Structure formats: C-alpha cells, structure tokens
file target06.cif (mmCIF, C-alpha atoms)
data_upload
loop_
_atom_site.group_PDB
_atom_site.id
_atom_site.type_symbol
_atom_site.label_atom_id
_atom_site.label_comp_id
_atom_site.auth_asym_id
_atom_site.auth_seq_id
_atom_site.Cartn_x
_atom_site.Cartn_y
_atom_site.Cartn_z
ATOM 1 C CA MET A 1 -8.014 14.857 -13.987
ATOM 2 C CA GLU A 2 -9.238 11.451 -12.917
ATOM 3 C CA ASN A 3 -6.961 9.315 -10.746
ATOM 4 C CA PRO A 4 -6.892 5.762 -12.069
ATOM 5 C CA ALA A 5 -7.344 2.920 -9.622
ATOM 6 C CA PRO A 6 -3.906 1.617 -8.674
ATOM 7 C CA THR A 7 -3.053 -1.861 -9.787
ATOM 8 C CA ASP A 8 0.029 -3.956 -9.585
ATOM 9 C CA SER A 9 0.527 -4.724 -13.258
ATOM 10 C CA PRO A 10 0.640 -7.494 -14.085
ATOM 11 C CA ARG A 11 -1.810 -8.568 -11.414
ATOM 12 C CA THR A 12 -0.151 -11.029 -9.059
ATOM 13 C CA GLY A 13 -2.921 -12.010 -6.711
ATOM 14 C CA PRO A 14 -6.249 -11.070 -5.218
ATOM 15 C CA THR A 15 -7.570 -7.538 -4.853
ATOM 16 C CA VAL A 16 -8.594 -5.745 -1.685
ATOM 17 C CA GLY A 17 -12.253 -6.032 -2.755
ATOM 18 C CA GLU A 18 -11.987 -9.768 -3.329
ATOM 19 C CA LEU A 19 -10.447 -10.528 0.083
ATOM 20 C CA GLY A 20 -12.062 -7.935 2.365
ATOM 21 C CA GLU A 21 -10.574 -5.923 5.222
ATOM 22 C CA SER A 22 -9.999 -8.720 7.753
ATOM 23 C CA ALA A 23 -8.231 -11.024 5.297
ATOM 24 C CA VAL A 24 -6.089 -8.181 3.916
ATOM 25 C CA LEU A 25 -5.044 -7.121 7.431
ATOM 26 C CA ALA A 26 -4.196 -10.740 8.228
ATOM 27 C CA ARG A 27 -1.700 -10.597 5.348
ATOM 28 C CA ILE A 28 -0.275 -7.133 6.131
ATOM 29 C CA LEU A 29 0.084 -7.053 9.943
ATOM 30 C CA PRO A 30 2.601 -9.947 10.124
ATOM 31 C CA ARG A 31 4.881 -7.868 7.854
ATOM 32 C CA LEU A 32 5.050 -5.085 10.462
ATOM 33 C CA ARG A 33 6.430 -5.073 14.005
ATOM 34 C CA PRO A 34 4.953 -3.004 16.829
ATOM 35 C CA GLY A 35 8.295 -1.637 18.069
ATOM 36 C CA ASP A 36 9.879 -1.408 21.477
ATOM 37 C CA ALA A 37 7.608 1.349 22.868
ATOM 38 C CA ALA A 38 4.389 -0.572 22.189
ATOM 39 C CA ILE A 39 2.626 -1.764 25.298
ATOM 40 C CA LEU A 40 -0.420 -2.775 23.231
ATOM 41 C CA GLY A 41 -0.085 -2.780 19.445
ATOM 42 C CA ALA A 42 -2.408 -3.303 16.505
ATOM 43 C CA GLY A 43 -5.552 -5.351 16.963
ATOM 44 C CA ASP A 44 -7.599 -3.441 19.524
ATOM 45 C CA ASP A 45 -9.487 -0.145 19.278
ATOM 46 C CA ALA A 46 -6.303 1.831 19.959
ATOM 47 C CA ALA A 47 -2.647 1.264 20.759
ATOM 48 C CA VAL A 48 -0.852 1.981 24.024
ATOM 49 C CA VAL A 49 2.663 3.375 23.584
ATOM 50 C CA ALA A 50 5.126 4.138 26.382
ATOM 51 C CA ALA A 51 6.416 7.686 26.824
ATOM 52 C CA ALA A 52 9.140 7.571 29.473
ATOM 53 C CA ASP A 53 8.808 11.133 30.768
ATOM 54 C CA GLY A 54 5.091 11.565 30.004
ATOM 55 C CA ARG A 55 5.650 13.790 26.954
ATOM 56 C CA PHE A 56 5.662 12.765 23.329
ATOM 57 C CA VAL A 57 6.055 14.336 19.909
ATOM 58 C CA VAL A 58 3.404 13.615 17.275
ATOM 59 C CA THR A 59 3.181 14.449 13.568
ATOM 60 C CA THR A 60 1.135 13.288 10.591
ATOM 61 C CA ASP A 61 1.415 13.361 6.799
ATOM 62 C CA LEU A 62 -0.964 12.362 4.041
ATOM 63 C CA MET A 63 -0.030 11.026 0.596
ATOM 64 C CA VAL A 64 -2.701 10.905 -2.138
ATOM 65 C CA HIS A 65 -2.340 9.137 -5.492
ATOM 66 C CA GLY A 66 -2.140 11.864 -8.115
ATOM 67 C CA PRO A 67 -0.902 15.012 -6.410
ATOM 68 C CA ASP A 68 1.622 13.320 -4.059
ATOM 69 C CA PHE A 69 2.687 10.148 -5.873
ATOM 70 C CA ARG A 70 1.864 7.923 -8.816
ATOM 71 C CA LEU A 71 2.250 4.176 -8.958
ATOM 72 C CA ALA A 72 3.575 4.636 -12.492
ATOM 73 C CA TRP A 73 6.575 6.451 -10.952
ATOM 74 C CA SER A 74 7.074 4.687 -7.611
ATOM 75 C CA THR A 75 6.860 1.113 -6.429
ATOM 76 C CA PRO A 76 4.635 0.277 -3.455
ATOM 77 C CA PHE A 77 7.819 -0.456 -1.467
ATOM 78 C CA GLU A 78 9.144 3.040 -2.252
ATOM 79 C CA LEU A 79 5.813 4.564 -1.157
ATOM 80 C CA GLY A 80 5.997 2.750 2.181
ATOM 81 C CA TRP A 81 9.572 3.931 2.671
ATOM 82 C CA LYS A 82 8.590 7.531 1.777
ATOM 83 C CA ALA A 83 5.585 7.428 4.122
ATOM 84 C CA ALA A 84 7.871 6.334 6.963
ATOM 85 C CA ALA A 85 10.632 8.815 6.098
ATOM 86 C CA THR A 86 8.422 11.916 5.881
ATOM 87 C CA ASN A 87 7.129 11.299 9.395
ATOM 88 C CA LEU A 88 10.251 9.942 11.079
ATOM 89 C CA THR A 89 12.296 12.943 9.958
ATOM 90 C CA ASP A 90 9.687 15.337 11.382
ATOM 91 C CA VAL A 91 9.929 13.607 14.771
ATOM 92 C CA ALA A 92 13.730 13.633 14.664
ATOM 93 C CA ALA A 93 13.755 17.324 13.678
ATOM 94 C CA MET A 94 12.010 18.066 16.993
ATOM 95 C CA GLY A 95 14.827 16.321 18.866
ATOM 96 C CA ALA A 96 12.769 13.224 19.647
ATOM 97 C CA ARG A 97 13.461 9.530 19.140
ATOM 98 C CA PRO A 98 10.774 7.995 16.883
ATOM 99 C CA THR A 99 8.878 5.260 18.731
ATOM 100 C CA ALA A 100 5.734 4.347 16.789
ATOM 101 C CA LEU A 101 3.691 4.845 13.632
ATOM 102 C CA VAL A 102 -0.043 4.581 13.037
ATOM 103 C CA VAL A 103 -0.827 3.946 9.360
ATOM 104 C CA ALA A 104 -4.176 4.403 7.603
ATOM 105 C CA ILE A 105 -4.656 3.369 3.986
ATOM 106 C CA ALA A 106 -7.701 3.984 1.825
ATOM 107 C CA ALA A 107 -7.606 2.048 -1.446
ATOM 108 C CA PRO A 108 -9.892 1.275 -4.359
ATOM 109 C CA PRO A 109 -11.384 -2.239 -4.055
ATOM 110 C CA THR A 110 -9.587 -3.150 -7.302
ATOM 111 C CA THR A 111 -6.172 -2.570 -5.695
ATOM 112 C CA GLY A 112 -4.042 -5.683 -5.628
ATOM 113 C CA VAL A 113 -3.283 -6.835 -2.095
ATOM 114 C CA SER A 114 0.347 -7.094 -3.215
ATOM 115 C CA VAL A 115 0.374 -3.269 -3.500
ATOM 116 C CA LEU A 116 -0.521 -2.978 0.205
ATOM 117 C CA GLU A 117 1.973 -5.706 1.089
ATOM 118 C CA GLY A 118 4.656 -3.729 -0.779
ATOM 119 C CA ILE A 119 3.743 -0.572 1.141
ATOM 120 C CA ALA A 120 3.946 -2.537 4.408
ATOM 121 C CA ASP A 121 7.362 -3.920 3.422
ATOM 122 C CA GLY A 122 8.605 -0.391 2.644
ATOM 123 C CA LEU A 123 7.317 0.878 5.996
ATOM 124 C CA ARG A 124 9.025 -1.993 7.834
ATOM 125 C CA GLU A 125 12.368 -1.511 6.091
ATOM 126 C CA GLY A 126 12.199 2.287 6.416
ATOM 127 C CA LEU A 127 11.618 1.942 10.149
ATOM 128 C CA ALA A 128 14.479 -0.540 10.476
ATOM 129 C CA ALA A 129 16.876 1.790 8.660
ATOM 130 C CA MET A 130 15.810 5.154 10.090
ATOM 131 C CA ALA A 131 14.330 4.356 13.520
ATOM 132 C CA PRO A 132 15.499 1.013 14.928
ATOM 133 C CA GLY A 133 13.175 -0.058 17.709
ATOM 134 C CA ALA A 134 10.183 1.889 16.368
ATOM 135 C CA GLY A 135 7.242 0.075 14.785
ATOM 136 C CA VAL A 136 3.702 0.213 13.502
ATOM 137 C CA VAL A 137 1.224 0.021 16.396
ATOM 138 C CA GLY A 138 -2.071 0.356 14.523
ATOM 139 C CA GLY A 139 -4.030 2.132 11.845
ATOM 140 C CA ASP A 140 -6.981 1.652 9.571
ATOM 141 C CA LEU A 141 -7.879 0.221 6.176
ATOM 142 C CA SER A 142 -10.739 1.687 4.172
ATOM 143 C CA ALA A 143 -12.111 1.870 0.634
ATOM 144 C CA SER A 144 -11.725 4.964 -1.533
ATOM 145 C CA PRO A 145 -11.670 5.759 -5.235
ATOM 146 C CA VAL A 146 -8.101 7.078 -4.757
ATOM 147 C CA LEU A 147 -5.190 5.328 -3.012
ATOM 148 C CA THR A 148 -4.357 7.387 0.077
ATOM 149 C CA ILE A 149 -1.722 6.738 2.757
ATOM 150 C CA ALA A 150 -1.870 8.606 6.077
ATOM 151 C CA VAL A 151 0.855 8.115 8.671
ATOM 152 C CA THR A 152 1.010 9.502 12.197
ATOM 153 C CA ALA A 153 4.361 9.225 13.983
ATOM 154 C CA PHE A 154 5.148 9.455 17.686
ATOM 155 C CA GLY A 155 8.450 10.202 19.358
ATOM 156 C CA ASP A 156 9.912 10.268 22.848
ATOM 157 C CA LEU A 157 11.892 13.319 23.960
ATOM 158 C CA ASP A 158 13.787 11.138 26.475
ATOM 159 C CA GLY A 159 13.818 13.977 29.000
ATOM 160 C CA ARG A 160 15.144 16.588 26.557
ATOM 161 C CA ALA A 161 13.447 19.842 25.568
ATOM 162 C CA PRO A 162 11.955 19.800 22.068
ATOM 163 C CA VAL A 163 13.983 21.453 19.319
ATOM 164 C CA LEU A 164 11.846 24.282 17.943
ATOM 165 C CA ARG A 165 12.218 26.397 14.811
ATOM 166 C CA SER A 166 11.849 29.433 17.057
ATOM 167 C CA GLY A 167 15.007 28.334 18.867
ATOM 168 C CA ALA A 168 17.231 29.099 15.866
ATOM 169 C CA ARG A 169 19.697 31.932 16.477
ATOM 170 C CA VAL A 170 21.991 34.026 14.319
ATOM 171 C CA GLY A 171 25.188 32.060 13.812
ATOM 172 C CA ASP A 172 23.540 28.615 14.034
ATOM 173 C CA VAL A 173 24.461 26.153 11.305
ATOM 174 C CA VAL A 174 21.513 25.179 9.109
ATOM 175 C CA ALA A 175 22.000 21.962 7.166
ATOM 176 C CA HIS A 176 19.916 20.480 4.371
ATOM 177 C CA ALA A 177 20.196 17.059 2.780
ATOM 178 C CA GLY A 178 18.923 16.175 -0.671
ATOM 179 C CA ALA A 179 17.628 18.263 -3.541
ATOM 180 C CA ARG A 180 15.296 21.063 -2.544
ATOM 181 C CA GLY A 181 12.027 21.172 -4.489
ATOM 182 C CA ALA A 182 12.262 17.577 -5.726
ATOM 183 C CA ALA A 183 8.837 16.693 -4.305
ATOM 184 C CA ALA A 184 7.228 19.623 -6.108
ATOM 185 C CA ARG A 185 8.714 18.500 -9.409
#

call {"tool": "encode", "arguments": {"input": "target06.cif", "output": "structure tokens"}}
result
Amino acid sequence: MENPAPTDSPRTGPTVGELGESAVLARILPRLRPGDAAILGAGDDAAVVAAADGRFVVTTDLMVHGPDFRLAWSTPFELGWKAAATNLTDVAAMGARPTALVVAIAAPPTTGVSVLEGIADGLREGLAAMAPGAGVVGGDLSASPVLTIAVTAFGDLDGRAPVLRSGARVGDVVAHAGARGAAAR
C-alpha cells in the first residue's frame, strides 16, 4: 500500500520543498524551547545537556505515516503531542525526570510547512504539560517519501537508582492508564 504524501488540506502556506531546510528550521525552532538542562541547544553539531550525577536515561521511538499514524486521523499537533508522550513516559517509567528531546523529521518535499509547525507546537505543549522544564535540544530535518518522526528522550535520575522491570516483586501494585491495545487498533 502506498503512503500518500502528507498535506495540510487545504494548503495554507509554502511546502518544505519550496522553502528548503534552513528556512523551515528558522520557522520551527522558535516554537520550541531547549529546556532547563540544556547547556548548548539546537544549532550546532550536537547538544550539550546537563546530567547532575553523571548518569542519564535515554530512549527513542519512531513514528511512520501509514503503520503508526495517518494525517487523515490525527492533526499535526496531536502527532507532536504523541511523539513527546511516548518518549517522556518511557523516561518516567525508569524513575527519571525527563530533561531533553532530540527530534528528527523526514518529510516529503510536498509537505506543508504548517504540518511541521503543528508537530512542533504539539511537542512544545506536550513537554509543558508532561515534563515542565524539559525541552527540545536538537534534531534533524530530511526529505523522504513518507513522513517519519523520530524522537529521542533523555532523563536525569537525580541520584536515584533506575526503576527496572526486573525489580518487580510478587505483591507489587501494577497500574495501567488508558485503553490497552488502542495503538494496535
């Protein structure tokens, strides 16, 4: 099954291909904040993020148009929120405080820049709601026939031991929020 190029129907501005990477980033980066742990944020070859006790938690998730989401079902804002949430919850599940995200997006050149701006807005608001003080410290923007969002999240253990699945014991309370299997549906 072919994945159609995402558009923001009706088109409300230029496309990624029309503006180019530098101009698109100039529109997206001001929508995001680097967060409190950033020593050096987006704009250089890599970011520098503080880790108070020298240890950090890291996780990554990939979302691909078609198998993971469809723009016909989700707004760009919702995709940004989901991209933040899937990573921030993984960091929190390890007992860490989320500190920073690195976001890479590959998009067809026909993608409206407003789609990427919506994703950035969702990331920003998701971070504000779920991880105050955390921010986006860098990433990448590339061309692809399929819209793809990759997020890597970092967290600070703040001197605590990580919470591991192997640490579960008989008698522990296991809690779950939300509907199980909803993503598969």

call {"tool": "closest_residue", "arguments": {"input": "target06.cif", "among": "A:Ser142, A:Val163, A:Thr148, A:Arg31", "to": "Pro109 of chain A", "atoms": "all atoms listed in the file"}}
result
A:Ser142

call {"tool": "atom_distance", "arguments": {"input": "target06.cif", "atom1": "atom CA of Trp73 of chain A", "atom2": "atom CA of Thr60 of chain A"}}
result
23.2 Å

call {"tool": "resolve_selection", "arguments": {"input": "target06.cif", "expression": "the PyMOL selection byres ((chain A and resi 85) around 12)", "output": "ChimeraX atom specification"}}
result
/A:59-61,78-84,86-93,98,101,122-131,151-153

call {"tool": "closest_residue", "arguments": {"input": "target06.cif", "among": "A:Glu18, A:Asp140, A:Asp156, A:Asp121", "to": "Thr99 of chain A", "atoms": "only C-alpha atoms"}}
result
A:Asp156

call {"tool": "atom_distance", "arguments": {"input": "target06.cif", "atom1": "atom CA of Gly20 of chain A", "atom2": "atom CA of Ser114 of chain A"}}
result
13.6 Å

call {"tool": "residues_around", "arguments": {"input": "target06.cif", "residues": "Pro162 of chain A", "least_positions_apart": "2", "cutoff": "8 Å", "atoms": "only C-alpha atoms", "output": "list in words"}}
result
Met94, Gly95, Ala96, Leu157, Arg160 and Leu164 of chain A

call {"tool": "resolve_selection", "arguments": {"input": "target06.cif", "expression": "the PyMOL selection byres ((chain A and resi 17) around 10)", "output": "PDB file with C-alpha atoms, in the frame of the given file"}}
result
ATOM      1  CA  PRO A  14      -6.249 -11.070  -5.218  1.00  0.00           C
ATOM      2  CA  THR A  15      -7.570  -7.538  -4.853  1.00  0.00           C
ATOM      3  CA  VAL A  16      -8.594  -5.745  -1.685  1.00  0.00           C
ATOM      4  CA  GLU A  18     -11.987  -9.768  -3.329  1.00  0.00           C
ATOM      5  CA  LEU A  19     -10.447 -10.528   0.083  1.00  0.00           C
ATOM      6  CA  GLY A  20     -12.062  -7.935   2.365  1.00  0.00           C
ATOM      7  CA  GLU A  21     -10.574  -5.923   5.222  1.00  0.00           C
ATOM      8  CA  VAL A  24      -6.089  -8.181   3.916  1.00  0.00           C
ATOM      9  CA  ALA A 107      -7.606   2.048  -1.446  1.00  0.00           C
ATOM     10  CA  PRO A 108      -9.892   1.275  -4.359  1.00  0.00           C
ATOM     11  CA  PRO A 109     -11.384  -2.239  -4.055  1.00  0.00           C
ATOM     12  CA  THR A 110      -9.587  -3.150  -7.302  1.00  0.00           C
ATOM     13  CA  THR A 111      -6.172  -2.570  -5.695  1.00  0.00           C
ATOM     14  CA  GLY A 112      -4.042  -5.683  -5.628  1.00  0.00           C
ATOM     15  CA  VAL A 113      -3.283  -6.835  -2.095  1.00  0.00           C
ATOM     16  CA  ALA A 143     -12.111   1.870   0.634  1.00  0.00           C
TER      17      ALA A 143
END

call {"tool": "residues_around", "arguments": {"input": "target06.cif", "residues": "Gly159 of chain A", "least_positions_apart": "4", "cutoff": "9 Å", "atoms": "all atoms listed in the file", "output": "compact mmCIF listing (two decimals) with C-alpha atoms, in the coordinates of the input"}}
result
# COMPACT_ATOMS: atom_id res chain seq x y z
CA ALA A 52 9.14 7.57 29.47
CA ASP A 53 8.81 11.13 30.77
CA ARG A 55 5.65 13.79 26.95

call {"tool": "closest_residue", "arguments": {"input": "target06.cif", "among": "A:Ala26, A:Val136, A:Ala161, A:Ile119", "to": "Phe56 of chain A", "atoms": "all atoms listed in the file"}}
result
A:Ala161

call {"tool": "atom_distance", "arguments": {"input": "target06.cif", "atom1": "atom CA of Val115 of chain A", "atom2": "atom CA of Phe77 of chain A"}}
result
8.2 Å

call {"tool": "resolve_selection", "arguments": {"input": "target06.cif", "expression": "the PyMOL selection byres ((chain A and resi 35) around 6)", "output": "list in words"}}
result
Arg33, Pro34, Asp36, Ala37, Ala38, Gly133, Ala134 and Gly135 of chain A

call {"tool": "axis_aligned_box", "arguments": {"input": "target06.cif", "around": "segment 63-68 of chain A", "padding_each_side": "8 Å", "output": "JSON"}}
result
{"center_x": -0.5, "center_y": 12.1, "center_z": -3.8, "size_x": 20.3, "size_y": 21.9, "size_z": 24.7}

call {"tool": "closest_residue", "arguments": {"input": "target06.cif", "among": "A:Phe69, A:Ala179, A:Thr75, A:Ile105", "to": "Gly138 of chain A", "atoms": "only C-alpha atoms"}}
result
A:Ile105

call {"tool": "closest_residue", "arguments": {"input": "target06.cif", "among": "A:Val146, A:Arg97, A:Ser74, A:Gly181", "to": "Val58 of chain A", "atoms": "all atoms listed in the file"}}
result
A:Arg97

call {"tool": "closest_residue", "arguments": {"input": "target06.cif", "among": "A:Val48, A:Ala106, A:Leu29, A:Ala168", "to": "Pro145 of chain A", "atoms": "only C-alpha atoms"}}
result
A:Ala106

call {"tool": "decode", "arguments": {"input": "target06.cif", "residues": "segment 119-131 of chain A", "atoms": "N, CA and C atoms", "output": "PDB file, in the first residue's frame"}}
result
ATOM      1  N   ILE A 119       3.360  20.003  14.343  1.00  0.00           N
ATOM      2  CA  ILE A 119       4.075  18.982  15.106  1.00  0.00           C
ATOM      3  C   ILE A 119       4.922  19.650  16.189  1.00  0.00           C
ATOM      4  N   ALA A 120       5.618  20.720  15.833  1.00  0.00           N
ATOM      5  CA  ALA A 120       6.443  21.448  16.806  1.00  0.00           C
ATOM      6  C   ALA A 120       5.579  22.006  17.935  1.00  0.00           C
ATOM      7  N   ASP A 121       4.410  22.544  17.603  1.00  0.00           N
ATOM      8  CA  ASP A 121       3.517  23.078  18.631  1.00  0.00           C
ATOM      9  C   ASP A 121       3.044  21.964  19.569  1.00  0.00           C
ATOM     10  N   GLY A 122       2.732  20.788  19.016  1.00  0.00           N
ATOM     11  CA  GLY A 122       2.319  19.655  19.839  1.00  0.00           C
ATOM     12  C   GLY A 122       3.436  19.180  20.754  1.00  0.00           C
ATOM     13  N   LEU A 123       4.662  19.137  20.230  1.00  0.00           N
ATOM     14  CA  LEU A 123       5.822  18.780  21.053  1.00  0.00           C
ATOM     15  C   LEU A 123       5.980  19.762  22.206  1.00  0.00           C
ATOM     16  N   ARG A 124       5.917  21.050  21.894  1.00  0.00           N
ATOM     17  CA  ARG A 124       6.098  22.097  22.912  1.00  0.00           C
ATOM     18  C   ARG A 124       5.036  21.975  24.008  1.00  0.00           C
ATOM     19  N   GLU A 125       3.786  21.834  23.616  1.00  0.00           N
ATOM     20  CA  GLU A 125       2.707  21.771  24.600  1.00  0.00           C
ATOM     21  C   GLU A 125       2.737  20.451  25.375  1.00  0.00           C
ATOM     22  N   GLY A 126       3.115  19.357  24.704  1.00  0.00           N
ATOM     23  CA  GLY A 126       3.257  18.081  25.403  1.00  0.00           C
ATOM     24  C   GLY A 126       4.342  18.152  26.462  1.00  0.00           C
ATOM     25  N   LEU A 127       5.460  18.755  26.112  1.00  0.00           N
ATOM     26  CA  LEU A 127       6.551  18.936  27.079  1.00  0.00           C
ATOM     27  C   LEU A 127       6.095  19.792  28.253  1.00  0.00           C
ATOM     28  N   ALA A 128       5.401  20.886  27.963  1.00  0.00           N
ATOM     29  CA  ALA A 128       4.947  21.779  29.028  1.00  0.00           C
ATOM     30  C   ALA A 128       4.005  21.064  29.988  1.00  0.00           C
ATOM     31  N   ALA A 129       3.151  20.200  29.462  1.00  0.00           N
ATOM     32  CA  ALA A 129       2.167  19.512  30.294  1.00  0.00           C
ATOM     33  C   ALA A 129       2.760  18.319  31.037  1.00  0.00           C
ATOM     34  N   MET A 130       3.635  17.573  30.385  1.00  0.00           N
ATOM     35  CA  MET A 130       4.115  16.309  30.960  1.00  0.00           C
ATOM     36  C   MET A 130       5.505  16.376  31.572  1.00  0.00           C
ATOM     37  N   ALA A 131       6.309  17.365  31.173  1.00  0.00           N
ATOM     38  CA  ALA A 131       7.693  17.446  31.665  1.00  0.00           C
ATOM     39  C   ALA A 131       8.140  18.904  31.745  1.00  0.00           C
TER      40      ALA A 131
END
